[in-house]
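Some notes on the structure that comes next.
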Amino acid sequence: MITKIVSKNFDIPNSHKLEIAKQNGRYSSIEKLFSMSPSDVTSEVVASGLRGKGGGGAPCGPKWQLMPEIDERPRYLIVNGDESEPGTFKDRQIFEYDPHLLIEGIICSCYAISANHAYIYIRGEYKFFSDRMQEAIDEAYEAGIIGETVMGHDFKVDITVHRGAGAYICGEKSALIESLEGKRGHPRLKPHGKECEWFFDNPATVNNVETIASVPNIVENGAQGYTKYGTEKSPGTMLFAISGPVKNPGVYEMAYGNKMIDFLNTLGGGMIEGKKLKAIIPGGSSCPILTAAEVEKAVLDYESMWDIGSTLGTGGMIVIDEDTSMVDVAKNLIEFYHHESCGQCTPCREGCGWIDKTLKKVLDGNASKEDIQTILDVCETMNGKTICVFAPAVKDIIKSILLKFPEEFEKHLN
Amino acid sequence: MSTFVFTPQNEEKFQKYLTRYPNSDSCMLPALWLVQEQENWVSPEAMVYIGERLNKSPMQVYEVATFYTMFNLKPIGKHHIELCKTLSCMLCGSKEIKEHIKKTIGIEPGQTSEDGLFHLSEVECLGACGGAPMFALDGNYHEKLTIDKVDGLINQCKGVEK
């Protein structure tokens, strides 16, 4: 079931050290990279169908093509390592076990979009992981792999690690750039048409850590080496994570298209003794919940998940057992969103608090049927009326729990 | 003029940060981190200082420092326990761990112990769901926590062998 592309070196002792990394194939794509033109690299990535692994699943290649023509302005690659979505803990594996793969991916991606400086934005809590990443970068500078030239090739790449400081919203790409510009992490208004991102008014591309770490393989083996895994529309592999009351929680790389229930029962090891599956939140907490019956049908690729009314998200599954109250689950998650709402848009800032308060009322046994309706109404008010997709995500998860497990909420009503 | 200044080592790091960005505005978070590493918290004087160094008003620094939850805006205890409370940890027993910590060191989340040794925070997802329940102790992750493991770590901080 496991297909290792990104995670190939994870189990090798000291794989984060340059010497070991090189012995195990790191930086082997660089020679081929410089035999290609930047637009050839981009075309190859477009042809590979590589999709963003940070949650949205937008194709990576077409995103690169949004970069404007080269002019006097500097261009930037920004790598999103803010990984804060509950249930998601995959990028940290790359920082910890194969930081040189990320550096290699950054070199390839910078070359493709003609950027000379990359920033890796790592969530503040990941101190160990950002230190590990920095050590690898220092090693790479020392060895002449990055810096004024790349392994003797006339191309400049600088890499800077930028630590966040505890704000979930900075995982949203425009909030991340605001944060990188030294401001509060408030998402920006989106342009009408498709365009690149802007870092101090300079063109920039934001990609997830795992996405960038997938690029060297595509450069080295071509698009076909990547599309032979996965499904037609979701090609390649992804670092899927599983957590909650299962025997083997962890991160496992698989091709897209495996059945969720098989993943749970084989790599996940199944439920821990005496527990029965009730539901799974599929890809980080912002995806609509799936009941046990829906889990039986779920297939792990973007299109299949949309077909059953949810999303694949980051691929980080949270498993919920029969003994857990869904009211507690909803309350726990709304507390998270209430805490993390950046406060910029009223429907989100007030809506999260409102739902949080109302769910407390439900738990305290003081709520009536109208209160449940109020939550559903607030969800609708939050959906589609804010600058970023934080509020629609809250609506997705809270509404799906409420509608799929109504009897659990009714039990608490007076 | 602010009464705060960077130590020579931190000044050196700050100067290096200035070379890494197209605009010194980007050094806001790095500078706040340096302050917190130096003082264990971010004081109003330090915010004025950062403002002076980055050509920002004290309020512009304050609005950033208060937005990000990891900056301590008050002095806290020597050892900081950040206990994850989000879903995977909740499902795997973070509440029991919380009760045990509360009982053992006698403080509620958000409080510092009387001897100034511990500060307990309940925080949102730390991205260690596969190792739930977990906390960060002084920034280091400790995963798959059990009562015994927690006791061992607390005793280590107290300097007593178990």
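The chains in the structure tokens are called A, B, ... from first to last as shown; in each chain the residues are counted from 1, and the ligands are counted from 1 in the order shown.
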Please check the contacts: residues of chain B at most 6 Å away from chain A, using only C-alpha atoms, listed as a PDB file with N, CA and C atoms, in the first residue's frame.
```
ATOM      1  N   ASP B  25      10.951  45.643   7.325  1.00  0.00           N
ATOM      2  CA  ASP B  25       9.667  45.323   7.982  1.00  0.00           C
ATOM      3  C   ASP B  25       9.583  43.846   8.335  1.00  0.00           C
ATOM      4  N   SER B  26      10.176  43.002   7.445  1.00  0.00           N
ATOM      5  CA  SER B  26      10.102  41.553   7.646  1.00  0.00           C
ATOM      6  C   SER B  26      10.788  41.099   8.927  1.00  0.00           C
ATOM      7  N   MET B  28      10.289  42.035  11.814  1.00  0.00           N
ATOM      8  CA  MET B  28       9.441  42.194  13.001  1.00  0.00           C
ATOM      9  C   MET B  28       9.376  40.914  13.839  1.00  0.00           C
ATOM     10  N   VAL B  64       1.353  43.708  16.384  1.00  0.00           N
ATOM     11  CA  VAL B  64       1.884  42.436  15.899  1.00  0.00           C
ATOM     12  C   VAL B  64       2.128  41.478  17.080  1.00  0.00           C
ATOM     13  N   TYR B  68       0.074  37.384  17.730  1.00  0.00           N
ATOM     14  CA  TYR B  68       0.655  36.040  17.715  1.00  0.00           C
ATOM     15  C   TYR B  68       0.708  35.477  19.135  1.00  0.00           C
ATOM     16  N   THR B  69       0.109  34.300  19.305  1.00  0.00           N
ATOM     17  CA  THR B  69      -0.094  33.804  20.675  1.00  0.00           C
ATOM     18  C   THR B  69       1.188  33.376  21.371  1.00  0.00           C
ATOM     19  N   MET B  70       2.271  33.152  20.629  1.00  0.00           N
ATOM     20  CA  MET B  70       3.460  32.618  21.294  1.00  0.00           C
ATOM     21  C   MET B  70       4.267  33.674  22.055  1.00  0.00           C
ATOM     22  N   SER B  88      -7.394  15.507  18.223  1.00  0.00           N
ATOM     23  CA  SER B  88      -6.716  14.216  18.336  1.00  0.00           C
ATOM     24  C   SER B  88      -6.208  14.003  19.759  1.00  0.00           C
ATOM     25  N   LEU B  91      -9.125  13.192  22.000  1.00  0.00           N
ATOM     26  CA  LEU B  91      -9.584  11.811  21.814  1.00  0.00           C
ATOM     27  C   LEU B  91      -8.640  10.824  22.498  1.00  0.00           C
ATOM     28  N   CYS B 125      -3.876  22.952  18.472  1.00  0.00           N
ATOM     29  CA  CYS B 125      -3.100  21.915  17.776  1.00  0.00           C
ATOM     30  C   CYS B 125      -1.629  22.278  17.526  1.00  0.00           C
ATOM     31  N   GLY B 127       0.401  20.139  15.982  1.00  0.00           N
ATOM     32  CA  GLY B 127       0.893  19.355  14.845  1.00  0.00           C
ATOM     33  C   GLY B 127       1.656  18.119  15.280  1.00  0.00           C
ATOM     34  N   ALA B 128       1.155  17.471  16.313  1.00  0.00           N
ATOM     35  CA  ALA B 128       1.787  16.236  16.778  1.00  0.00           C
ATOM     36  C   ALA B 128       0.690  15.198  17.025  1.00  0.00           C
ATOM     37  N   CYS B 129      -0.328  15.225  16.162  1.00  0.00           N
ATOM     38  CA  CYS B 129      -1.542  14.435  16.389  1.00  0.00           C
ATOM     39  C   CYS B 129      -1.238  12.939  16.466  1.00  0.00           C
ATOM     40  N   GLY B 130      -0.222  12.488  15.741  1.00  0.00           N
ATOM     41  CA  GLY B 130       0.138  11.071  15.773  1.00  0.00           C
ATOM     42  C   GLY B 130       0.763  10.676  17.092  1.00  0.00           C
TER      43      GLY B 130
END
```
As a ChimeraX atom specification, please: all residues of stretch 148-268 of chain A that backbone DSSP puts in helix (DSSP H, G or I).
/A:168-171,173-180,209-227,260-265
Any chance you could list, as a ChimeraX atom specification, the residues in stretch 61-154 of chain B that come up strand (DSSP E) when DSSP is run on the backbone?
/B:79-84,118-123,135-137,140-142
Identify which of the residues A:Lys63, A:Lys278, A:Lys297, A:Arg73 lies closest to A:Glu197, counting only C-alpha atoms when measuring atom-to-atom distances.
A:Lys63
Which residues are close to stretch 8-19 of chain B, i.e. within 9 Å by only C-alpha atoms, leaving aside same-chain residues fewer than 4 positions away? Reply as a VMD selection string.
chain B and resid 23 to 24 26 to 27 30 to 31 34 to 35 38
Need the shell around A:Ala293: protein/DNA/RNA residues with any atom at most 12 Å away, counting only C-alpha atoms. Skip same-chain ones fewer than 4 positions apart. Format as a PDB file with N, CA and C atoms, in the first residue's frame?
```pdb
ATOM      1  N   MET A 260     -10.169   4.482   1.938  1.00  0.00           N
ATOM      2  CA  MET A 260      -9.923   4.996   3.282  1.00  0.00           C
ATOM      3  C   MET A 260      -9.994   3.886   4.327  1.00  0.00           C
ATOM      4  N   ILE A 261     -10.954   2.998   4.179  1.00  0.00           N
ATOM      5  CA  ILE A 261     -11.134   1.949   5.187  1.00  0.00           C
ATOM      6  C   ILE A 261      -9.937   0.991   5.195  1.00  0.00           C
ATOM      7  N   LEU A 277     -15.446   2.153  15.187  1.00  0.00           N
ATOM      8  CA  LEU A 277     -15.393   3.387  14.396  1.00  0.00           C
ATOM      9  C   LEU A 277     -16.753   4.072  14.357  1.00  0.00           C
ATOM     10  N   LYS A 278     -16.733   5.382  14.606  1.00  0.00           N
ATOM     11  CA  LYS A 278     -17.966   6.151  14.467  1.00  0.00           C
ATOM     12  C   LYS A 278     -17.887   7.108  13.281  1.00  0.00           C
ATOM     13  N   ALA A 279     -16.762   7.764  13.134  1.00  0.00           N
ATOM     14  CA  ALA A 279     -16.644   8.776  12.078  1.00  0.00           C
ATOM     15  C   ALA A 279     -15.175   9.098  11.823  1.00  0.00           C
ATOM     16  N   ILE A 280     -14.912   9.688  10.662  1.00  0.00           N
ATOM     17  CA  ILE A 280     -13.562  10.176  10.371  1.00  0.00           C
ATOM     18  C   ILE A 280     -13.670  11.584   9.785  1.00  0.00           C
ATOM     19  N   ILE A 289     -17.252  15.987   7.907  1.00  0.00           N
ATOM     20  CA  ILE A 289     -17.031  14.698   8.567  1.00  0.00           C
ATOM     21  C   ILE A 289     -17.703  13.570   7.777  1.00  0.00           C
ATOM     22  N   LYS A 297     -17.100   3.766   1.856  1.00  0.00           N
ATOM     23  CA  LYS A 297     -17.136   4.082   0.424  1.00  0.00           C
ATOM     24  C   LYS A 297     -16.028   5.032  -0.006  1.00  0.00           C
ATOM     25  N   ALA A 298     -15.370   5.659   0.982  1.00  0.00           N
ATOM     26  CA  ALA A 298     -14.463   6.763   0.646  1.00  0.00           C
ATOM     27  C   ALA A 298     -13.176   6.277  -0.011  1.00  0.00           C
ATOM     28  N   ILE A 308     -18.300  12.409  -2.627  1.00  0.00           N
ATOM     29  CA  ILE A 308     -19.100  12.021  -1.461  1.00  0.00           C
ATOM     30  C   ILE A 308     -19.311  13.199  -0.492  1.00  0.00           C
ATOM     31  N   LYS A 404     -25.243  15.231  10.450  1.00  0.00           N
ATOM     32  CA  LYS A 404     -25.045  13.780  10.367  1.00  0.00           C
ATOM     33  C   LYS A 404     -25.247  13.083  11.707  1.00  0.00           C
TER      34      LYS A 404
END
```
Here is a test: counting only C-alpha atoms, which residue of B:Met59, B:Ile147, B:Leu120, B:Leu54 is nearest to B:Lys78?
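Of all the options, B:Leu120 lies closest to B:Lys78.
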Nearest to B:Thr66 among B:Glu52, B:Ile81, B:Ser43, B:Glu96, with distances taken over only C-alpha atoms: which residue is it?
B:Ser43
Calculate how many Å separate atom CA of A:Pro406 from atom CA of A:Ser325, rounding to one decimal.
11.5 Å
